[in-house]
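Asks: Take a look at input.cif, mmCIF, C-alpha atoms:
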data_data
loop_
_atom_site.label_atom_id
_atom_site.label_comp_id
_atom_site.auth_asym_id
_atom_site.auth_seq_id
_atom_site.Cartn_x
_atom_site.Cartn_y
_atom_site.Cartn_z
CA MET A 1 108.87 70.35 57.31
CA VAL A 2 112.44 70.44 58.62
CA TYR A 3 113.24 73.70 60.37
CA THR A 4 116.62 75.27 61.20
CA ARG A 5 118.34 76.17 64.44
CA ARG A 6 120.73 79.05 63.92
CA ASN A 7 123.62 80.67 65.73
CA GLN A 8 122.22 83.36 68.01
CA ARG A 9 124.81 85.85 66.69
CA ASP A 10 123.21 85.56 63.22
CA LEU A 11 119.67 86.39 64.32
CA THR A 12 118.18 89.69 63.25
CA GLY A 13 116.77 92.05 65.83
CA ALA A 14 113.27 90.99 64.85
CA GLU A 15 114.15 87.30 65.24
CA ARG A 16 115.60 87.91 68.67
CA ARG A 17 112.45 89.73 69.75
CA LYS A 18 110.22 86.92 68.46
CA PHE A 19 112.18 84.30 70.38
CA VAL A 20 112.05 86.35 73.59
CA ALA A 21 108.33 87.00 73.14
CA ALA A 22 107.60 83.28 72.75
CA VAL A 23 109.63 82.43 75.86
CA LEU A 24 107.85 85.12 77.87
CA GLU A 25 104.48 83.81 76.71
CA LEU A 26 105.34 80.31 77.95
CA LYS A 27 106.36 81.85 81.26
CA ARG A 28 103.10 83.80 81.49
CA THR A 29 100.98 80.70 80.93
CA GLY A 30 102.93 78.53 83.38
CA VAL A 31 104.26 76.20 80.68
CA TYR A 32 107.84 77.37 81.18
CA ASP A 33 107.87 76.53 84.87
CA ARG A 34 106.74 72.99 84.10
CA PHE A 35 109.97 72.55 82.16
CA VAL A 36 111.96 73.85 85.14
CA ARG A 37 110.19 71.35 87.38
CA THR A 38 110.89 68.48 84.97
CA HIS A 39 114.61 69.21 85.00
CA ILE A 40 114.74 69.51 88.78
CA ASP A 41 112.83 66.24 89.21
CA HIS A 42 115.18 64.35 86.89
CA TYR A 43 118.45 65.85 88.11
CA ALA A 44 119.98 62.88 89.95
CA ALA A 45 123.67 62.61 90.81
CA ASP A 46 125.44 59.29 90.48
CA GLY A 47 126.00 59.15 94.21
CA GLU A 48 122.29 59.06 94.96
CA GLY A 49 121.88 55.38 94.17
CA ARG A 50 118.82 55.70 91.93
CA LEU A 51 117.99 55.71 88.23
CA ARG A 52 119.63 58.60 86.36
CA VAL A 53 118.34 59.76 82.99
CA ALA A 54 119.37 63.42 82.69
CA HIS A 55 122.89 63.80 84.13
CA MET A 56 125.98 61.73 84.93
CA THR A 57 124.63 59.03 82.66
CA PRO A 58 124.80 57.85 79.02
CA SER A 59 121.30 59.20 78.36
CA PHE A 60 122.45 62.77 79.10
CA LEU A 61 122.52 63.62 75.38
CA PRO A 62 119.33 61.92 74.12
CA TRP A 63 117.41 63.05 77.23
CA HIS A 64 118.31 66.69 76.64
CA ARG A 65 117.65 66.35 72.90
CA ARG A 66 114.10 65.32 73.71
CA PHE A 67 113.82 68.00 76.40
CA LEU A 68 114.82 70.64 73.86
CA LEU A 69 112.34 69.30 71.33
CA GLU A 70 109.51 69.40 73.85
CA PHE A 71 110.34 73.02 74.67
CA GLU A 72 110.73 73.96 71.03
CA THR A 73 107.35 72.43 70.24
CA GLU A 74 105.74 74.67 72.84
CA LEU A 75 107.58 77.72 71.50
CA ARG A 76 106.38 76.96 67.97
CA ARG A 77 102.81 76.69 69.18
CA VAL A 78 103.17 80.32 70.21
CA ASP A 79 105.06 81.33 67.06
CA PRO A 80 105.67 78.75 64.28
CA THR A 81 108.60 80.78 62.95
CA VAL A 82 110.65 80.36 66.15
CA SER A 83 113.29 77.72 66.87
CA VAL A 84 115.88 77.49 69.65
CA PRO A 85 119.08 79.26 68.56
CA TYR A 86 122.46 78.05 69.78
CA TRP A 87 125.19 79.82 71.70
CA ASP A 88 128.66 78.89 70.49
CA TRP A 89 130.54 79.67 73.68
CA THR A 90 133.90 78.98 72.02
CA ARG A 91 133.39 82.17 69.97
CA ASP A 92 131.00 84.34 71.96
CA ASN A 93 132.97 83.96 75.15
CA SER A 94 132.81 87.25 77.03
CA PRO A 95 130.24 89.32 78.95
CA ALA A 96 130.36 91.77 76.01
CA SER A 97 129.05 89.17 73.52
CA SER A 98 125.81 89.99 71.75
CA ILE A 99 123.93 87.18 73.47
CA TRP A 100 123.90 89.26 76.65
CA GLY A 101 122.27 92.26 74.96
CA GLU A 102 119.34 94.03 76.61
CA ASP A 103 117.06 92.87 73.78
CA PHE A 104 117.98 89.22 74.24
CA MET A 105 119.32 87.35 77.29
CA GLY A 106 120.17 90.41 79.37
CA GLY A 107 123.45 90.84 81.20
CA ASN A 108 125.33 89.81 84.31
CA GLY A 109 124.02 89.98 87.86
CA ARG A 110 124.85 92.91 90.08
CA ARG A 111 127.61 92.41 92.64
CA ALA A 112 125.47 92.74 95.77
CA ASP A 113 123.15 89.77 95.20
CA PHE A 114 123.85 88.61 91.60
CA GLN A 115 120.39 89.77 90.51
CA VAL A 116 120.10 90.34 86.74
CA MET A 117 118.89 93.91 86.27
CA THR A 118 118.86 94.20 82.47
CA GLY A 119 116.97 92.57 79.64
CA PRO A 120 113.53 90.95 79.35
CA PHE A 121 114.21 88.34 82.04
CA ALA A 122 115.10 90.78 84.80
CA HIS A 123 112.74 90.45 87.77
CA SER A 124 112.13 94.18 87.66
CA SER A 125 110.39 93.78 84.29
CA GLY A 126 107.59 91.99 86.11
CA ARG A 127 107.58 89.07 83.67
CA TRP A 128 110.20 86.72 85.13
CA THR A 129 109.62 85.57 88.70
CA ILE A 130 111.31 82.36 89.82
CA THR A 131 108.70 79.95 91.17
CA GLN A 132 110.39 76.55 90.72
CA SER A 133 113.85 76.47 92.17
CA MET A 134 116.25 74.78 94.56
CA THR A 135 116.73 78.09 96.41
CA ASP A 136 114.37 80.71 97.83
CA GLY A 137 115.25 83.54 95.44
CA ARG A 138 112.55 85.05 93.25
CA PHE A 139 114.83 86.68 90.68
CA LEU A 140 117.23 85.50 87.97
CA THR A 141 120.88 85.50 89.07
CA ARG A 142 124.20 85.32 87.21
CA ASP A 143 127.87 85.61 88.15
CA PHE A 144 129.84 85.64 84.89
CA GLY A 145 133.26 84.04 85.21
CA ARG A 146 132.98 83.65 89.01
CA PRO A 147 135.40 86.52 89.89
CA HIS A 148 135.94 85.13 93.40
CA ASP A 149 137.10 81.82 91.85
CA PRO A 150 137.78 82.62 88.18
CA ILE A 151 136.79 80.22 85.44
CA ALA A 152 136.91 80.60 81.65
CA LEU A 153 134.54 79.25 79.02
CA PRO A 154 135.68 76.19 77.03
CA THR A 155 137.95 76.83 74.05
CA GLN A 156 137.72 75.44 70.54
CA ALA A 157 140.87 73.39 71.20
CA GLN A 158 139.28 71.78 74.24
CA LEU A 159 136.15 70.98 72.25
CA ASP A 160 138.25 69.54 69.41
CA GLU A 161 139.84 67.17 71.91
CA VAL A 162 136.42 65.89 72.93
CA MET A 163 135.46 65.42 69.29
CA ARG A 164 138.35 62.99 68.84
CA GLU A 165 136.65 60.42 71.06
CA ARG A 166 135.38 57.47 69.00
CA ALA A 167 133.12 55.57 71.42
CA TYR A 168 129.85 57.10 72.60
CA ASP A 169 130.36 56.18 76.26
CA ALA A 170 132.27 53.82 78.52
CA ALA A 171 131.84 51.94 81.78
CA PRO A 172 131.16 52.65 84.56
CA TRP A 173 128.58 54.83 82.74
CA ASN A 174 128.71 57.74 85.18
CA SER A 175 130.66 60.88 86.07
CA THR A 176 133.88 58.88 86.50
CA SER A 177 133.99 57.43 82.97
CA ALA A 178 137.55 58.21 81.84
CA SER A 179 136.77 57.95 78.13
CA GLY A 180 133.79 58.14 75.81
CA PHE A 181 132.26 61.13 74.06
CA ARG A 182 129.31 61.58 76.43
CA ASN A 183 131.21 62.14 79.66
CA ARG A 184 133.94 64.16 77.94
CA LEU A 185 131.24 66.49 76.58
CA GLU A 186 129.14 66.54 79.74
CA GLY A 187 132.32 67.56 81.49
CA TRP A 188 132.91 65.59 84.67
CA ALA A 189 136.63 65.33 85.34
CA PRO A 190 139.09 64.54 88.14
CA GLY A 191 140.99 67.30 89.88
CA ARG A 192 140.29 70.11 92.29
CA GLY A 193 138.19 73.24 92.12
CA ASN A 194 137.21 74.40 88.65
CA GLU A 195 139.35 71.69 87.03
CA ARG A 196 136.58 69.24 87.88
CA PHE A 197 134.27 71.02 85.42
CA ARG A 198 134.84 70.79 81.67
CA ILE A 199 132.94 71.69 78.48
CA HIS A 200 129.14 71.57 79.17
CA ASN A 201 129.55 71.76 82.95
CA ARG A 202 132.04 74.60 82.70
CA VAL A 203 129.54 76.76 80.79
CA HIS A 204 126.96 76.34 83.55
CA ARG A 205 129.62 77.26 86.08
CA TRP A 206 130.82 80.29 84.09
CA VAL A 207 127.31 81.78 83.88
CA GLY A 208 126.79 81.02 87.56
CA GLY A 209 123.77 82.00 89.60
CA LEU A 210 120.72 79.90 88.77
CA MET A 211 122.58 78.13 85.97
CA LEU A 212 124.15 76.00 88.71
CA GLY A 213 122.26 72.85 89.62
CA GLY A 214 118.92 71.31 88.79
CA GLY A 215 117.09 74.64 88.55
CA SER A 216 119.31 75.89 85.70
CA VAL A 217 116.35 76.00 83.29
CA ASN A 218 115.23 79.13 85.16
CA ASP A 219 117.84 80.97 83.08
CA PRO A 220 116.64 81.01 79.44
CA VAL A 221 120.25 80.83 78.26
CA PHE A 222 120.02 77.16 79.33
CA TRP A 223 118.24 76.41 76.04
CA LEU A 224 120.83 78.16 73.86
CA HIS A 225 123.62 76.36 75.71
CA HIS A 226 122.00 72.96 75.26
CA SER A 227 121.16 73.70 71.65
CA PHE A 228 124.91 74.06 71.05
CA VAL A 229 125.64 70.89 73.06
CA ASP A 230 123.14 69.10 70.82
CA LEU A 231 124.82 70.58 67.73
CA VAL A 232 128.18 69.27 68.93
CA TRP A 233 126.69 65.81 69.41
CA SER A 234 125.08 66.00 65.97
CA ARG A 235 128.45 66.81 64.36
CA TRP A 236 130.11 64.01 66.29
CA GLN A 237 127.45 61.61 65.02
CA GLN A 238 128.19 62.67 61.44
CA ARG A 239 131.89 61.97 61.98
CA ASN A 240 131.22 58.62 63.68
CA PRO A 241 128.21 57.10 61.91
CA GLY A 242 128.92 53.63 63.31
CA ALA A 243 129.14 54.74 66.94
CA ALA A 244 125.88 53.60 68.51
CA TYR A 245 124.54 54.50 71.94
CA LEU A 246 126.15 52.60 74.80
CA PRO A 247 125.38 50.63 76.85
CA ALA A 248 123.49 48.50 74.36
CA GLU A 249 122.11 46.27 77.12
CA PRO A 250 121.15 47.08 80.72
CA PRO A 251 123.92 46.52 83.28
CA PRO A 252 123.25 43.10 84.90
CA LEU A 253 122.35 42.29 88.48
CA GLY A 254 125.48 42.71 90.57
CA ASP A 255 126.82 45.58 88.46
CA ALA A 256 127.16 48.88 90.33
CA GLN A 257 124.99 50.53 87.64
CA TYR A 258 122.19 47.94 87.76
CA ARG A 259 118.88 49.81 87.30
CA LYS A 260 120.71 53.15 87.49
CA VAL A 261 121.29 53.87 83.79
CA VAL A 262 119.19 53.53 80.65
CA ALA A 263 120.32 51.15 77.91
CA ARG A 264 119.85 51.73 74.17
CA HIS A 265 116.27 50.49 73.90
CA GLN A 266 114.97 51.29 77.36
CA SER A 267 112.52 54.11 78.05
CA MET A 268 113.60 57.50 79.37
CA ALA A 269 111.27 59.20 81.83
CA PRO A 270 109.16 61.27 81.62
CA TRP A 271 108.39 60.69 77.92
CA GLY A 272 108.79 56.95 77.45
CA VAL A 273 111.10 57.34 74.46
CA THR A 274 114.32 55.38 74.06
CA PRO A 275 117.85 56.73 73.49
CA ALA A 276 117.91 54.90 70.15
CA SER A 277 114.82 56.80 68.99
CA MET A 278 116.57 60.12 69.59
CA PHE A 279 119.67 59.47 67.52
CA ASP A 280 118.36 60.88 64.23
CA HIS A 281 116.88 64.41 64.16
CA SER A 282 117.26 64.99 60.42
CA ARG A 283 113.53 64.83 59.72
CA ILE A 284 112.75 67.41 62.39
CA TYR A 285 115.46 70.08 62.46
CA ARG A 286 118.90 70.93 61.14
CA TYR A 287 121.69 73.26 62.21
CA ALA A 288 122.91 76.21 60.18
#
Take the structure in the file and give it back as structure tokens.
Replies:
Amino acid sequence: MVYTRRNQRDLTGAERRKFVAAVLELKRTGVYDRFVRTHIDHYAADGEGRLRVAHMTPSFLPWHRRFLLEFETELRRVDPTVSVPYWDWTRDNSPASSIWGEDFMGGNGRRADFQVMTGPFAHSSGRWTITQSMTDGRFLTRDFGRPHDPIALPTQAQLDEVMRERAYDAAPWNSTSASGFRNRLEGWAPGRGNERFRIHNRVHRWVGGLMLGGGSVNDPVFWLHHSFVDLVWSRWQQRNPGAAYLPAEPPPLGDAQYRKVVARHQSMAPWGVTPASMFDHSRIYRYA
């Protein structure tokens, strides 16, 4: 049966509590931290000279679609009524937005050390200790808007500009691709400082704290962010039904991206599924 992912702002109090409870149960059993580890292990930058499947690569979108589905499957084993809601950061774009309520994601980090002190994922609750990370901290951290180097969340106008792209991706298939929907949405751009970060990347940077880098899954808002990224891709697919995943074929020997990116029908680690197999989600879930 097809289930629905909904805007987090439309969830009832009971639905918010059920989602939080399912996430906390996955954390308690150690399942959640396996997802954190998976993301860290597959977070490869395009300067590292190895295969990239999760970031700075055409498979960014299908890889995260599968990642979300794997997580959602585990959530629904705990509670079959739960799905991953989405956070539309073009609308709910301030620290006062309901997503940061004490019954849901909790709020910003405190100034001294960025530790989140409110909500169910605060370390002080005793249910959210960081065990898989790229730093030594044991508590969830956030730094909304980076006051020392201010950054704003993406606007609807900026997202509309991305939606006008017609090709899925473009050579050289990495963070420097000047056109193509994937890199415009992922958000790697030229420039200095915060100008280098657009759309998806800018949201990670705005939340700050553990949402920066490979360990970003440690912040449960990661899933709501990527649910919205997936929704944006889904809408783009509906507008561009003939725009297939690119590259269709693996870059050849001698190409700078040889064996560094996944082509349309090649397998994505760690699941062995192809980008092509992840293009249609209509038989699994829909967006409200």
Asks: Nearest to Glu186 in chain A: which of A:Asn201, A:Gln266, A:Thr90, A:Thr274 is it, counting all atoms listed in the file?
Replies: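 Closest residue, counting all atoms listed in the file: A:Asn201.
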Asks: Kindly list the centre and edge lengths in Å, rounded to one decimal, for the axis-aligned box that covers all listed atoms of range 267-270 of chain A plus 8 Å on each of its six sides, as JSON.
Replies:
{"center_x": 111.4, "center_y": 57.7, "center_z": 79.9, "size_x": 20.4, "size_y": 23.2, "size_z": 19.8}
Asks: When you draw a straight line from CA of Ile284 in chain A to CA of Phe104 in chain A, how long is it in Å?
Replies: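 So the two atoms, CA of Ile284 in chain A and CA of Phe104 in chain A, lie 25.4 Å apart.
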Asks: To verify the selection step, state as number ranges by chain which residues the PyMOL selection byres ((chain A and resi 8) around 10) yields on this input.
Replies: A: 5-7, 9-12, 15-16, 84-88, 92, 98-99, 104, 224
Asks: Which protein, DNA or RNA residues are at most 12 Å from (133.6, 64.3, 83.5) in the file's coordinates when you count only C-alpha atoms, listed as number ranges by chain?
Replies: A: 46, 55-58, 162, 169-170, 172-191, 194-202
Asks: Residues as selected, C-alpha atoms, written as a PDB file, in the coordinates of the input, can you do that?
Replies:
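selection01.pdb written:
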ATOM      1  CA  ASP A  46     125.440  59.290  90.480  1.00  0.00           C
ATOM      2  CA  HIS A  55     122.890  63.800  84.130  1.00  0.00           C
ATOM      3  CA  MET A  56     125.980  61.730  84.930  1.00  0.00           C
ATOM      4  CA  THR A  57     124.630  59.030  82.660  1.00  0.00           C
ATOM      5  CA  PRO A  58     124.800  57.850  79.020  1.00  0.00           C
ATOM      6  CA  VAL A 162     136.420  65.890  72.930  1.00  0.00           C
ATOM      7  CA  ASP A 169     130.360  56.180  76.260  1.00  0.00           C
ATOM      8  CA  ALA A 170     132.270  53.820  78.520  1.00  0.00           C
ATOM      9  CA  PRO A 172     131.160  52.650  84.560  1.00  0.00           C
ATOM     10  CA  TRP A 173     128.580  54.830  82.740  1.00  0.00           C
ATOM     11  CA  ASN A 174     128.710  57.740  85.180  1.00  0.00           C
ATOM     12  CA  SER A 175     130.660  60.880  86.070  1.00  0.00           C
ATOM     13  CA  THR A 176     133.880  58.880  86.500  1.00  0.00           C
ATOM     14  CA  SER A 177     133.990  57.430  82.970  1.00  0.00           C
ATOM     15  CA  ALA A 178     137.550  58.210  81.840  1.00  0.00           C
ATOM     16  CA  SER A 179     136.770  57.950  78.130  1.00  0.00           C
ATOM     17  CA  GLY A 180     133.790  58.140  75.810  1.00  0.00           C
ATOM     18  CA  PHE A 181     132.260  61.130  74.060  1.00  0.00           C
ATOM     19  CA  ARG A 182     129.310  61.580  76.430  1.00  0.00           C
ATOM     20  CA  ASN A 183     131.210  62.140  79.660  1.00  0.00           C
ATOM     21  CA  ARG A 184     133.940  64.160  77.940  1.00  0.00           C
ATOM     22  CA  LEU A 185     131.240  66.490  76.580  1.00  0.00           C
ATOM     23  CA  GLU A 186     129.140  66.540  79.740  1.00  0.00           C
ATOM     24  CA  GLY A 187     132.320  67.560  81.490  1.00  0.00           C
ATOM     25  CA  TRP A 188     132.910  65.590  84.670  1.00  0.00           C
ATOM     26  CA  ALA A 189     136.630  65.330  85.340  1.00  0.00           C
ATOM     27  CA  PRO A 190     139.090  64.540  88.140  1.00  0.00           C
ATOM     28  CA  GLY A 191     140.990  67.300  89.880  1.00  0.00           C
ATOM     29  CA  ASN A 194     137.210  74.400  88.650  1.00  0.00           C
ATOM     30  CA  GLU A 195     139.350  71.690  87.030  1.00  0.00           C
ATOM     31  CA  ARG A 196     136.580  69.240  87.880  1.00  0.00           C
ATOM     32  CA  PHE A 197     134.270  71.020  85.420  1.00  0.00           C
ATOM     33  CA  ARG A 198     134.840  70.790  81.670  1.00  0.00           C
ATOM     34  CA  ILE A 199     132.940  71.690  78.480  1.00  0.00           C
ATOM     35  CA  HIS A 200     129.140  71.570  79.170  1.00  0.00           C
ATOM     36  CA  ASN A 201     129.550  71.760  82.950  1.00  0.00           C
ATOM     37  CA  ARG A 202     132.040  74.600  82.700  1.00  0.00           C
TER      38      ARG A 202
END
Asks: Go through A:Pro150, A:Gly13, A:Gly49, A:Gly137 and flag the residue nearest Glu102 in chain A, using all atoms listed in the file for the distances.
Replies: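 Residue with the minimum atom-to-atom distance to Glu102 in chain A: A:Gly13.
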